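Q: Enclosed is the structure file entry-v3.cif (mmCIF, N, CA and C atoms).
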data_final
#
loop_
_atom_site.label_atom_id
_atom_site.label_comp_id
_atom_site.auth_asym_id
_atom_site.auth_seq_id
_atom_site.Cartn_x
_atom_site.Cartn_y
_atom_site.Cartn_z
N LEU L 1147 -185.27 155.74 107.11
CA LEU L 1147 -185.65 155.22 105.82
C LEU L 1147 -185.31 156.29 104.78
N TYR L 1148 -184.47 155.95 103.79
CA TYR L 1148 -184.11 156.94 102.79
C TYR L 1148 -183.87 156.27 101.45
N TYR L 1149 -183.79 157.12 100.43
CA TYR L 1149 -183.56 156.65 99.07
C TYR L 1149 -182.48 157.52 98.44
N ASN L 1150 -181.47 156.90 97.85
CA ASN L 1150 -180.43 157.64 97.13
C ASN L 1150 -180.96 158.01 95.75
N LEU L 1151 -181.07 159.31 95.47
CA LEU L 1151 -181.58 159.78 94.19
C LEU L 1151 -180.47 159.98 93.17
N LEU L 1152 -179.32 160.50 93.63
CA LEU L 1152 -178.17 160.74 92.74
C LEU L 1152 -176.90 160.26 93.43
N ARG L 1153 -175.91 159.90 92.61
CA ARG L 1153 -174.61 159.49 93.16
C ARG L 1153 -173.63 160.65 93.22
N LYS L 1154 -173.55 161.45 92.15
CA LYS L 1154 -172.65 162.60 92.09
C LYS L 1154 -173.39 163.79 91.51
N PRO L 1155 -173.69 164.79 92.28
CA PRO L 1155 -173.48 164.87 93.71
C PRO L 1155 -174.41 163.89 94.44
N ALA L 1156 -174.03 163.50 95.65
CA ALA L 1156 -174.82 162.56 96.43
C ALA L 1156 -176.07 163.26 96.94
N LEU L 1157 -177.23 162.76 96.53
CA LEU L 1157 -178.51 163.32 96.98
C LEU L 1157 -179.37 162.19 97.49
N LYS L 1158 -179.78 162.31 98.75
CA LYS L 1158 -180.70 161.33 99.31
C LYS L 1158 -181.86 162.05 99.97
N MET L 1159 -183.00 161.39 99.95
CA MET L 1159 -184.21 161.92 100.59
C MET L 1159 -184.83 160.78 101.37
N GLY L 1160 -185.53 161.15 102.45
CA GLY L 1160 -186.12 160.08 103.24
C GLY L 1160 -187.04 160.57 104.33
N LEU L 1161 -187.32 159.65 105.22
CA LEU L 1161 -188.27 159.84 106.31
C LEU L 1161 -187.61 159.40 107.61
N ASN L 1162 -187.67 160.24 108.63
CA ASN L 1162 -187.18 159.90 109.97
C ASN L 1162 -188.35 159.85 110.93
N TYR L 1163 -188.31 158.88 111.84
CA TYR L 1163 -189.30 158.81 112.92
C TYR L 1163 -188.56 158.62 114.23
N GLN L 1164 -188.94 159.38 115.25
CA GLN L 1164 -188.33 159.25 116.58
C GLN L 1164 -189.42 158.98 117.61
N TYR L 1165 -189.16 158.06 118.48
CA TYR L 1165 -190.01 157.84 119.65
C TYR L 1165 -189.06 157.74 120.83
N ILE L 1166 -189.16 158.67 121.76
CA ILE L 1166 -188.27 158.72 122.91
C ILE L 1166 -189.12 158.74 124.17
N THR L 1167 -188.71 157.96 125.16
CA THR L 1167 -189.38 157.97 126.44
C THR L 1167 -188.33 157.87 127.55
N PHE L 1168 -188.63 158.48 128.69
CA PHE L 1168 -187.71 158.46 129.83
C PHE L 1168 -188.44 157.92 131.04
N LYS L 1169 -187.77 157.09 131.79
CA LYS L 1169 -188.36 156.54 133.02
C LYS L 1169 -188.62 157.66 134.03
N ASP L 1170 -187.61 158.53 134.20
CA ASP L 1170 -187.73 159.65 135.13
C ASP L 1170 -187.71 160.97 134.36
N GLN L 1171 -188.63 161.86 134.71
CA GLN L 1171 -188.68 163.17 134.08
C GLN L 1171 -187.97 164.18 134.99
N VAL L 1172 -186.85 164.74 134.50
CA VAL L 1172 -186.10 165.76 135.24
C VAL L 1172 -185.83 166.95 134.31
N PRO L 1173 -186.88 167.68 133.93
CA PRO L 1173 -186.73 168.76 132.95
C PRO L 1173 -185.85 169.91 133.42
N THR L 1174 -185.61 170.03 134.71
CA THR L 1174 -184.72 171.09 135.18
C THR L 1174 -183.26 170.79 134.86
N ILE L 1175 -182.96 169.51 134.60
CA ILE L 1175 -181.58 169.11 134.30
C ILE L 1175 -181.38 168.84 132.80
N TYR L 1176 -182.30 168.10 132.17
CA TYR L 1176 -182.19 167.80 130.75
C TYR L 1176 -183.55 167.43 130.18
N PHE L 1177 -183.64 167.45 128.86
CA PHE L 1177 -184.87 167.10 128.14
C PHE L 1177 -185.20 165.64 128.44
N SER L 1178 -186.32 165.40 129.12
CA SER L 1178 -186.65 164.03 129.53
C SER L 1178 -188.16 163.84 129.64
N PRO L 1179 -188.89 164.02 128.55
CA PRO L 1179 -190.35 163.86 128.64
C PRO L 1179 -190.73 162.39 128.84
N GLU L 1180 -191.93 162.21 129.35
CA GLU L 1180 -192.45 160.84 129.47
C GLU L 1180 -192.62 160.22 128.09
N LYS L 1181 -193.00 161.07 127.11
CA LYS L 1181 -193.17 160.57 125.74
C LYS L 1181 -192.90 161.70 124.75
N TYR L 1182 -192.09 161.39 123.75
CA TYR L 1182 -191.77 162.34 122.67
C TYR L 1182 -191.82 161.59 121.35
N GLN L 1183 -192.47 162.20 120.34
CA GLN L 1183 -192.52 161.62 119.01
C GLN L 1183 -192.29 162.71 117.97
N ALA L 1184 -191.62 162.33 116.89
CA ALA L 1184 -191.41 163.26 115.78
C ALA L 1184 -191.33 162.46 114.49
N VAL L 1185 -191.84 163.05 113.43
CA VAL L 1185 -191.71 162.48 112.10
C VAL L 1185 -191.30 163.61 111.17
N GLU L 1186 -190.34 163.33 110.26
CA GLU L 1186 -189.87 164.38 109.37
C GLU L 1186 -189.47 163.80 108.02
N LEU L 1187 -189.59 164.64 107.00
CA LEU L 1187 -189.07 164.36 105.67
C LEU L 1187 -187.77 165.13 105.54
N PHE L 1188 -186.74 164.50 104.96
CA PHE L 1188 -185.45 165.19 104.86
C PHE L 1188 -184.83 165.01 103.48
N ALA L 1189 -183.89 165.90 103.18
CA ALA L 1189 -183.07 165.81 101.97
C ALA L 1189 -181.64 166.16 102.36
N ASP L 1190 -180.68 165.46 101.76
CA ASP L 1190 -179.26 165.66 102.06
C ASP L 1190 -178.49 165.66 100.75
N LEU L 1191 -177.69 166.71 100.53
CA LEU L 1191 -176.93 166.87 99.30
C LEU L 1191 -175.46 167.08 99.66
N ARG L 1192 -174.56 166.31 99.03
CA ARG L 1192 -173.12 166.41 99.28
C ARG L 1192 -172.38 166.26 97.97
N GLY L 1193 -171.34 167.08 97.80
CA GLY L 1193 -170.58 166.99 96.56
C GLY L 1193 -169.29 167.78 96.61
N LYS L 1194 -168.63 167.82 95.45
CA LYS L 1194 -167.37 168.54 95.30
C LYS L 1194 -167.57 169.73 94.38
N ILE L 1195 -167.00 170.87 94.77
CA ILE L 1195 -166.97 172.03 93.90
C ILE L 1195 -165.71 171.96 93.05
N SER L 1196 -164.63 171.50 93.70
CA SER L 1196 -163.36 171.29 93.00
C SER L 1196 -162.65 170.13 93.70
N GLU L 1197 -161.46 169.83 93.27
CA GLU L 1197 -160.71 168.72 93.87
C GLU L 1197 -160.47 168.93 95.35
N LYS L 1198 -160.36 170.20 95.79
CA LYS L 1198 -160.04 170.49 97.19
C LYS L 1198 -161.19 171.14 97.96
N THR L 1199 -162.34 171.33 97.33
CA THR L 1199 -163.45 172.00 97.99
C THR L 1199 -164.70 171.13 97.94
N ILE L 1200 -165.27 170.84 99.12
CA ILE L 1200 -166.49 170.04 99.21
C ILE L 1200 -167.59 170.85 99.89
N TYR L 1201 -168.84 170.43 99.66
CA TYR L 1201 -169.97 171.11 100.28
C TYR L 1201 -170.99 170.08 100.74
N MET L 1202 -171.87 170.52 101.63
CA MET L 1202 -173.01 169.71 102.03
C MET L 1202 -174.14 170.63 102.43
N ALA L 1203 -175.36 170.17 102.20
CA ALA L 1203 -176.56 170.89 102.62
C ALA L 1203 -177.60 169.85 103.00
N SER L 1204 -178.27 170.09 104.10
CA SER L 1204 -179.27 169.16 104.59
C SER L 1204 -180.43 169.96 105.17
N ALA L 1205 -181.65 169.49 104.95
CA ALA L 1205 -182.83 170.15 105.50
C ALA L 1205 -183.91 169.12 105.76
N ALA L 1206 -184.74 169.40 106.76
CA ALA L 1206 -185.84 168.49 107.10
C ALA L 1206 -187.00 169.31 107.68
N THR L 1207 -188.19 168.80 107.48
CA THR L 1207 -189.38 169.41 108.07
C THR L 1207 -190.36 168.33 108.45
N GLY L 1208 -191.17 168.61 109.46
CA GLY L 1208 -192.15 167.62 109.91
C GLY L 1208 -192.93 168.13 111.09
N ILE L 1209 -193.36 167.18 111.96
CA ILE L 1209 -194.12 167.54 113.16
C ILE L 1209 -193.55 166.78 114.35
N GLN L 1210 -193.73 167.39 115.54
CA GLN L 1210 -193.31 166.74 116.78
C GLN L 1210 -194.41 166.86 117.82
N LYS L 1211 -194.41 165.93 118.76
CA LYS L 1211 -195.37 165.96 119.87
C LYS L 1211 -194.60 165.62 121.15
N VAL L 1212 -194.64 166.55 122.09
CA VAL L 1212 -194.00 166.35 123.39
C VAL L 1212 -195.10 166.09 124.41
N GLU L 1213 -195.11 164.89 124.97
CA GLU L 1213 -196.11 164.45 125.94
C GLU L 1213 -197.52 164.72 125.42
N ASP L 1214 -198.34 165.48 126.17
CA ASP L 1214 -199.72 165.74 125.74
C ASP L 1214 -199.89 167.11 125.11
N ASP L 1215 -198.78 167.80 124.84
CA ASP L 1215 -198.84 169.11 124.19
C ASP L 1215 -199.34 168.95 122.75
N PRO L 1216 -199.86 170.02 122.14
CA PRO L 1216 -200.29 169.93 120.74
C PRO L 1216 -199.09 169.70 119.81
N ASN L 1217 -199.36 169.13 118.66
CA ASN L 1217 -198.31 168.96 117.64
C ASN L 1217 -197.72 170.31 117.27
N THR L 1218 -196.42 170.34 117.01
CA THR L 1218 -195.78 171.56 116.52
C THR L 1218 -194.96 171.23 115.28
N ASN L 1219 -194.85 172.21 114.40
CA ASN L 1219 -194.05 172.04 113.19
C ASN L 1219 -192.57 172.10 113.56
N ILE L 1220 -191.77 171.30 112.87
CA ILE L 1220 -190.33 171.31 113.10
C ILE L 1220 -189.60 171.56 111.79
N PHE L 1221 -188.42 172.14 111.93
CA PHE L 1221 -187.57 172.41 110.77
C PHE L 1221 -186.13 172.41 111.23
N ARG L 1222 -185.26 171.82 110.45
CA ARG L 1222 -183.83 171.89 110.71
C ARG L 1222 -183.10 172.02 109.39
N ALA L 1223 -181.99 172.70 109.41
CA ALA L 1223 -181.18 172.88 108.21
C ALA L 1223 -179.72 172.99 108.62
N GLU L 1224 -178.84 172.54 107.74
CA GLU L 1224 -177.41 172.61 107.98
C GLU L 1224 -176.71 172.72 106.64
N THR L 1225 -175.67 173.53 106.59
CA THR L 1225 -174.89 173.65 105.37
C THR L 1225 -173.43 173.91 105.74
N SER L 1226 -172.53 173.46 104.88
CA SER L 1226 -171.11 173.72 105.12
C SER L 1226 -170.34 173.66 103.82
N ILE L 1227 -169.20 174.32 103.83
CA ILE L 1227 -168.26 174.26 102.72
C ILE L 1227 -166.87 174.14 103.33
N GLN L 1228 -166.08 173.22 102.78
CA GLN L 1228 -164.74 172.97 103.32
C GLN L 1228 -163.72 172.99 102.20
N HIS L 1229 -162.60 173.65 102.48
CA HIS L 1229 -161.50 173.70 101.50
C HIS L 1229 -160.24 173.15 102.14
N GLN L 1230 -159.56 172.27 101.43
CA GLN L 1230 -158.29 171.67 101.87
C GLN L 1230 -157.16 172.49 101.26
N PHE L 1231 -156.54 173.33 102.08
CA PHE L 1231 -155.47 174.20 101.59
C PHE L 1231 -154.16 173.45 101.38
N SER L 1232 -153.92 172.44 102.20
CA SER L 1232 -152.73 171.60 102.09
C SER L 1232 -153.08 170.25 102.69
N PRO L 1233 -152.20 169.27 102.57
CA PRO L 1233 -152.52 167.97 103.17
C PRO L 1233 -152.75 168.03 104.68
N ARG L 1234 -152.24 169.08 105.33
CA ARG L 1234 -152.36 169.16 106.78
C ARG L 1234 -153.19 170.34 107.29
N PHE L 1235 -153.81 171.12 106.38
CA PHE L 1235 -154.61 172.27 106.82
C PHE L 1235 -155.88 172.40 105.99
N SER L 1236 -157.03 172.47 106.70
CA SER L 1236 -158.31 172.69 106.03
C SER L 1236 -159.14 173.68 106.84
N LEU L 1237 -160.09 174.32 106.16
CA LEU L 1237 -160.97 175.31 106.77
C LEU L 1237 -162.40 174.98 106.35
N ASN L 1238 -163.32 175.06 107.33
CA ASN L 1238 -164.72 174.71 107.09
C ASN L 1238 -165.60 175.82 107.65
N ALA L 1239 -166.48 176.38 106.81
CA ALA L 1239 -167.48 177.35 107.25
C ALA L 1239 -168.83 176.64 107.27
N TYR L 1240 -169.61 176.83 108.34
CA TYR L 1240 -170.86 176.10 108.45
C TYR L 1240 -171.94 176.92 109.13
N GLY L 1241 -173.18 176.48 108.95
CA GLY L 1241 -174.32 177.07 109.61
C GLY L 1241 -175.35 176.00 109.91
N LYS L 1242 -176.04 176.13 111.06
CA LYS L 1242 -177.06 175.16 111.47
C LYS L 1242 -178.24 175.90 112.10
N TYR L 1243 -179.41 175.32 111.93
CA TYR L 1243 -180.61 175.82 112.61
C TYR L 1243 -181.48 174.61 112.94
N SER L 1244 -182.11 174.61 114.10
CA SER L 1244 -183.04 173.54 114.47
C SER L 1244 -184.03 174.04 115.50
N ASN L 1245 -185.26 173.57 115.39
CA ASN L 1245 -186.24 173.80 116.44
C ASN L 1245 -186.83 172.47 116.92
N ILE L 1246 -186.06 171.39 116.75
CA ILE L 1246 -186.50 170.06 117.16
C ILE L 1246 -186.19 169.87 118.64
N ALA L 1247 -187.20 169.58 119.42
CA ALA L 1247 -187.06 169.51 120.88
C ALA L 1247 -186.04 168.46 121.30
N SER L 1248 -185.99 167.31 120.66
CA SER L 1248 -185.08 166.24 121.09
C SER L 1248 -183.61 166.60 120.84
N ALA L 1249 -183.36 167.56 119.96
CA ALA L 1249 -181.98 167.96 119.65
C ALA L 1249 -181.54 169.19 120.44
N THR L 1250 -182.49 169.99 120.93
CA THR L 1250 -182.11 171.26 121.54
C THR L 1250 -182.55 171.37 122.99
N ALA L 1251 -183.82 171.22 123.24
CA ALA L 1251 -184.43 171.31 124.57
C ALA L 1251 -184.26 172.66 125.25
N ALA L 1252 -183.41 173.52 124.76
CA ALA L 1252 -183.21 174.84 125.36
C ALA L 1252 -184.06 175.85 124.61
N GLY L 1253 -185.35 175.87 124.91
CA GLY L 1253 -186.25 176.76 124.21
C GLY L 1253 -186.67 176.19 122.87
N PHE L 1254 -186.25 174.98 122.58
CA PHE L 1254 -186.62 174.25 121.37
C PHE L 1254 -186.17 174.94 120.09
N GLU L 1255 -185.11 175.76 120.16
CA GLU L 1255 -184.64 176.41 118.94
C GLU L 1255 -183.18 176.83 119.12
N PHE L 1256 -182.37 176.65 118.06
CA PHE L 1256 -181.01 177.17 118.10
C PHE L 1256 -180.51 177.47 116.70
N THR L 1257 -179.58 178.40 116.64
CA THR L 1257 -178.89 178.76 115.41
C THR L 1257 -177.40 178.76 115.72
N GLU L 1258 -176.62 178.20 114.82
CA GLU L 1258 -175.17 178.16 115.02
C GLU L 1258 -174.48 178.48 113.70
N ILE L 1259 -173.52 179.37 113.76
CA ILE L 1259 -172.70 179.70 112.59
C ILE L 1259 -171.26 179.62 113.06
N GLY L 1260 -170.41 179.00 112.25
CA GLY L 1260 -169.05 178.84 112.73
C GLY L 1260 -168.02 178.64 111.64
N LEU L 1261 -166.80 178.60 112.11
CA LEU L 1261 -165.64 178.38 111.26
C LEU L 1261 -164.76 177.37 111.98
N LYS L 1262 -164.41 176.28 111.31
CA LYS L 1262 -163.55 175.26 111.89
C LYS L 1262 -162.25 175.22 111.10
N ALA L 1263 -161.15 175.21 111.83
CA ALA L 1263 -159.84 175.07 111.20
C ALA L 1263 -159.22 173.77 111.70
N LYS L 1264 -158.67 173.00 110.80
CA LYS L 1264 -157.99 171.76 111.17
C LYS L 1264 -156.55 171.85 110.69
N TRP L 1265 -155.65 171.78 111.65
CA TRP L 1265 -154.23 171.88 111.34
C TRP L 1265 -153.51 170.70 111.99
N LEU L 1266 -152.97 169.83 111.19
CA LEU L 1266 -152.17 168.71 111.68
C LEU L 1266 -150.73 169.21 111.75
N PHE L 1267 -150.31 169.69 112.92
CA PHE L 1267 -149.02 170.35 113.03
C PHE L 1267 -147.84 169.39 113.10
N LEU L 1268 -148.10 168.10 113.32
CA LEU L 1268 -147.04 167.10 113.30
C LEU L 1268 -147.22 166.23 112.05
N LYS L 1269 -146.13 165.74 111.50
CA LYS L 1269 -146.23 164.89 110.31
C LYS L 1269 -146.80 163.51 110.64
N LYS L 1270 -146.59 163.05 111.88
CA LYS L 1270 -147.12 161.77 112.35
C LYS L 1270 -147.94 162.00 113.60
N PRO L 1271 -148.89 161.11 113.89
CA PRO L 1271 -149.61 161.24 115.16
C PRO L 1271 -148.64 161.16 116.33
N LEU L 1272 -148.97 161.82 117.42
CA LEU L 1272 -148.11 161.85 118.59
C LEU L 1272 -147.91 160.44 119.17
N PHE L 1273 -148.97 159.64 119.15
CA PHE L 1273 -148.92 158.26 119.63
C PHE L 1273 -149.07 157.34 118.43
N HIS L 1274 -148.05 157.26 117.63
CA HIS L 1274 -148.09 156.53 116.37
C HIS L 1274 -147.98 155.02 116.54
N LYS L 1275 -147.22 154.55 117.52
CA LYS L 1275 -147.01 153.12 117.70
C LYS L 1275 -148.26 152.45 118.26
N LYS L 1276 -148.52 151.24 117.77
CA LYS L 1276 -149.68 150.48 118.24
C LYS L 1276 -149.40 149.92 119.63
N LEU L 1277 -150.45 149.83 120.43
CA LEU L 1277 -150.33 149.22 121.74
C LEU L 1277 -150.38 147.71 121.61
N ASN L 1278 -149.57 147.02 122.36
CA ASN L 1278 -149.59 145.57 122.38
C ASN L 1278 -150.44 145.15 123.58
N LEU L 1279 -151.65 144.69 123.34
CA LEU L 1279 -152.57 144.37 124.42
C LEU L 1279 -152.65 142.88 124.70
N ASP L 1280 -151.67 142.13 124.28
CA ASP L 1280 -151.67 140.68 124.53
C ASP L 1280 -151.26 140.34 125.93
#
Re-express the file's structure as structure tokens.
A:
Amino acid sequence: LYYNLLRKPALKMGLNYQYITFKDQVPTIYFSPEKYQAVELFADLRGKISEKTIYMASAATGIQKVEDDPNTNIFRAETSIQHQFSPRFSLNAYGKYSNIASATAAGFEFTEIGLKAKWLFLKKPLFHKKLNLD
């Protein structure tokens, strides 16, 4: 559930609710509680710095409950900036943090910082022709 507050830059705020349940609990292999619930308030902002540079920032906070454990506070955030150097090359710097159990399950916390490069080295896709499936 969300509401668009602004169009340019795009700003939306809202409420997320998760209810997850698993028939079989196998915590040694993957996050699979009998019952998991979370509720969070979030905000998401996206826009352009220039014709070739875009940004995004997103954050949320709330509470989660895993099975019969006590409620815990949750927080997640993500931000990125991307620049299009040419029609076939772009670079994106980003950062993420989350302590939401349903997204991480590995100690219930992670941080990620990275750089993504996208280079379309061919002018056309390698498999450009459509398949005839008739």
Q: Report as a ChimeraX atom specification all protein, DNA and RNA residues lying within 8 Å of range 1150-1158 of chain L, evaluated on all atoms listed in the file, omitting residues in the same chain fewer than 5 positions from it.
A: /L:1188-1194
Q: What do you get, as a PyMOL selection string, if you spell out every residue that the PyMOL selection byres ((chain L and resi 1207) around 6) selects here?
A: chain L and resi 1185-1188+1205-1206+1208-1209+1220-1222
Q: Taking the file as shown, find all residues satisfying the PyMOL selection byres ((chain L and resi 1226) around 5) and write them as a PDB file with N, CA and C atoms, in the coordinates of the input.
A:
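Produced file selection-v1.pdb, reproduced below:
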ATOM      1  N   TYR L1201    -168.840 170.430  99.660  1.00  0.00           N
ATOM      2  CA  TYR L1201    -169.970 171.110 100.280  1.00  0.00           C
ATOM      3  C   TYR L1201    -170.990 170.080 100.740  1.00  0.00           C
ATOM      4  N   MET L1202    -171.870 170.520 101.630  1.00  0.00           N
ATOM      5  CA  MET L1202    -173.010 169.710 102.030  1.00  0.00           C
ATOM      6  C   MET L1202    -174.140 170.630 102.430  1.00  0.00           C
ATOM      7  N   GLU L1224    -178.840 172.540 107.740  1.00  0.00           N
ATOM      8  CA  GLU L1224    -177.410 172.610 107.980  1.00  0.00           C
ATOM      9  C   GLU L1224    -176.710 172.720 106.640  1.00  0.00           C
ATOM     10  N   THR L1225    -175.670 173.530 106.590  1.00  0.00           N
ATOM     11  CA  THR L1225    -174.890 173.650 105.370  1.00  0.00           C
ATOM     12  C   THR L1225    -173.430 173.910 105.740  1.00  0.00           C
ATOM     13  N   ILE L1227    -169.200 174.320 103.830  1.00  0.00           N
ATOM     14  CA  ILE L1227    -168.260 174.260 102.720  1.00  0.00           C
ATOM     15  C   ILE L1227    -166.870 174.140 103.330  1.00  0.00           C
ATOM     16  N   GLN L1228    -166.080 173.220 102.780  1.00  0.00           N
ATOM     17  CA  GLN L1228    -164.740 172.970 103.320  1.00  0.00           C
ATOM     18  C   GLN L1228    -163.720 172.990 102.200  1.00  0.00           C
ATOM     19  N   ALA L1239    -166.480 176.380 106.810  1.00  0.00           N
ATOM     20  CA  ALA L1239    -167.480 177.350 107.250  1.00  0.00           C
ATOM     21  C   ALA L1239    -168.830 176.640 107.270  1.00  0.00           C
ATOM     22  N   TYR L1240    -169.610 176.830 108.340  1.00  0.00           N
ATOM     23  CA  TYR L1240    -170.860 176.100 108.450  1.00  0.00           C
ATOM     24  C   TYR L1240    -171.940 176.920 109.130  1.00  0.00           C
TER      25      TYR L1240
END
Q: May I ask for the distance between atom C of Gln1164 in chain L and atom N of Gln1183 in chain L, given in Å to one decimal place?
A: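 Interatomic distance, atom C of Gln1164 in chain L to atom N of Gln1183 in chain L: 5.2 Å.
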Q: Identify, with DSSP run on backbone atoms, the residues in chain L assigned to strand (DSSP E or B), and express the list as a PyMOL selection string.
A: chain L and resi 1148-1152+1156-1166+1182-1196+1199-1212+1218-1232+1235-1244+1256-1265
Q: To one decimal place, how far is atom N of Thr1167 in chain L from atom N of Phe1256 in chain L in Å?
A: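 A separation of 21.0 Å between them.
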Q: One decimal, in Å: what's the spacing between atom C of Tyr1165 in chain L and atom C of Lys1181 in chain L?
A: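 Those two atoms sit 6.8 Å apart.
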Q: Rank nothing, just name the residue among L:Glu1213, L:Ala1203, L:Tyr1148, L:Gly1160 nearest to Lys1242 in chain L, using only C-alpha atoms.
A: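 Looking only at the distances to Lys1242 in chain L, the closest residue turns out to be L:Ala1203.
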Q: Quick one: of L:Pro1179, L:Ser1236, L:Ile1200, L:Gln1171, who's nearest to Val1212 in chain L, counting all atoms listed in the file?
A: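 Smallest distance to Val1212 in chain L is found for L:Pro1179.
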Q: Within 8 Å of (-186.0, 168.3, 115.9), all atoms listed in the file: residues as a PyMOL selection string?
A: chain L and resi 1184+1209-1210+1219-1222+1244-1250+1254
Q: Output, as AutoDock Vina command-line options, the centre and edge lengths in Å (one decimal) of the axis-aligned box that contains all listed atoms of range 1212-1216 of chain L with 5 Å of margin on each side.
A:
--center_x -197.1 --center_y 167.2 --center_z 123.0 --size_x 16.3 --size_y 15.6 --size_z 16.4
Q: May I have the residues within 8 Å of Leu1147 in chain L as a list in words, using only N, CA and C atoms and disregarding those fewer than 6 positions away in the same chain?
A: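 The filter keeps Met1159, Gly1160, Leu1161, Asn1162 and Tyr1163 of chain L.
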Q: Written as a ChimeraX atom specification, which residues does the PyMOL selection byres ((chain L and resi 1263) around 6) give for the file shown?
A: /L:1236-1238,1261-1262,1264-1265
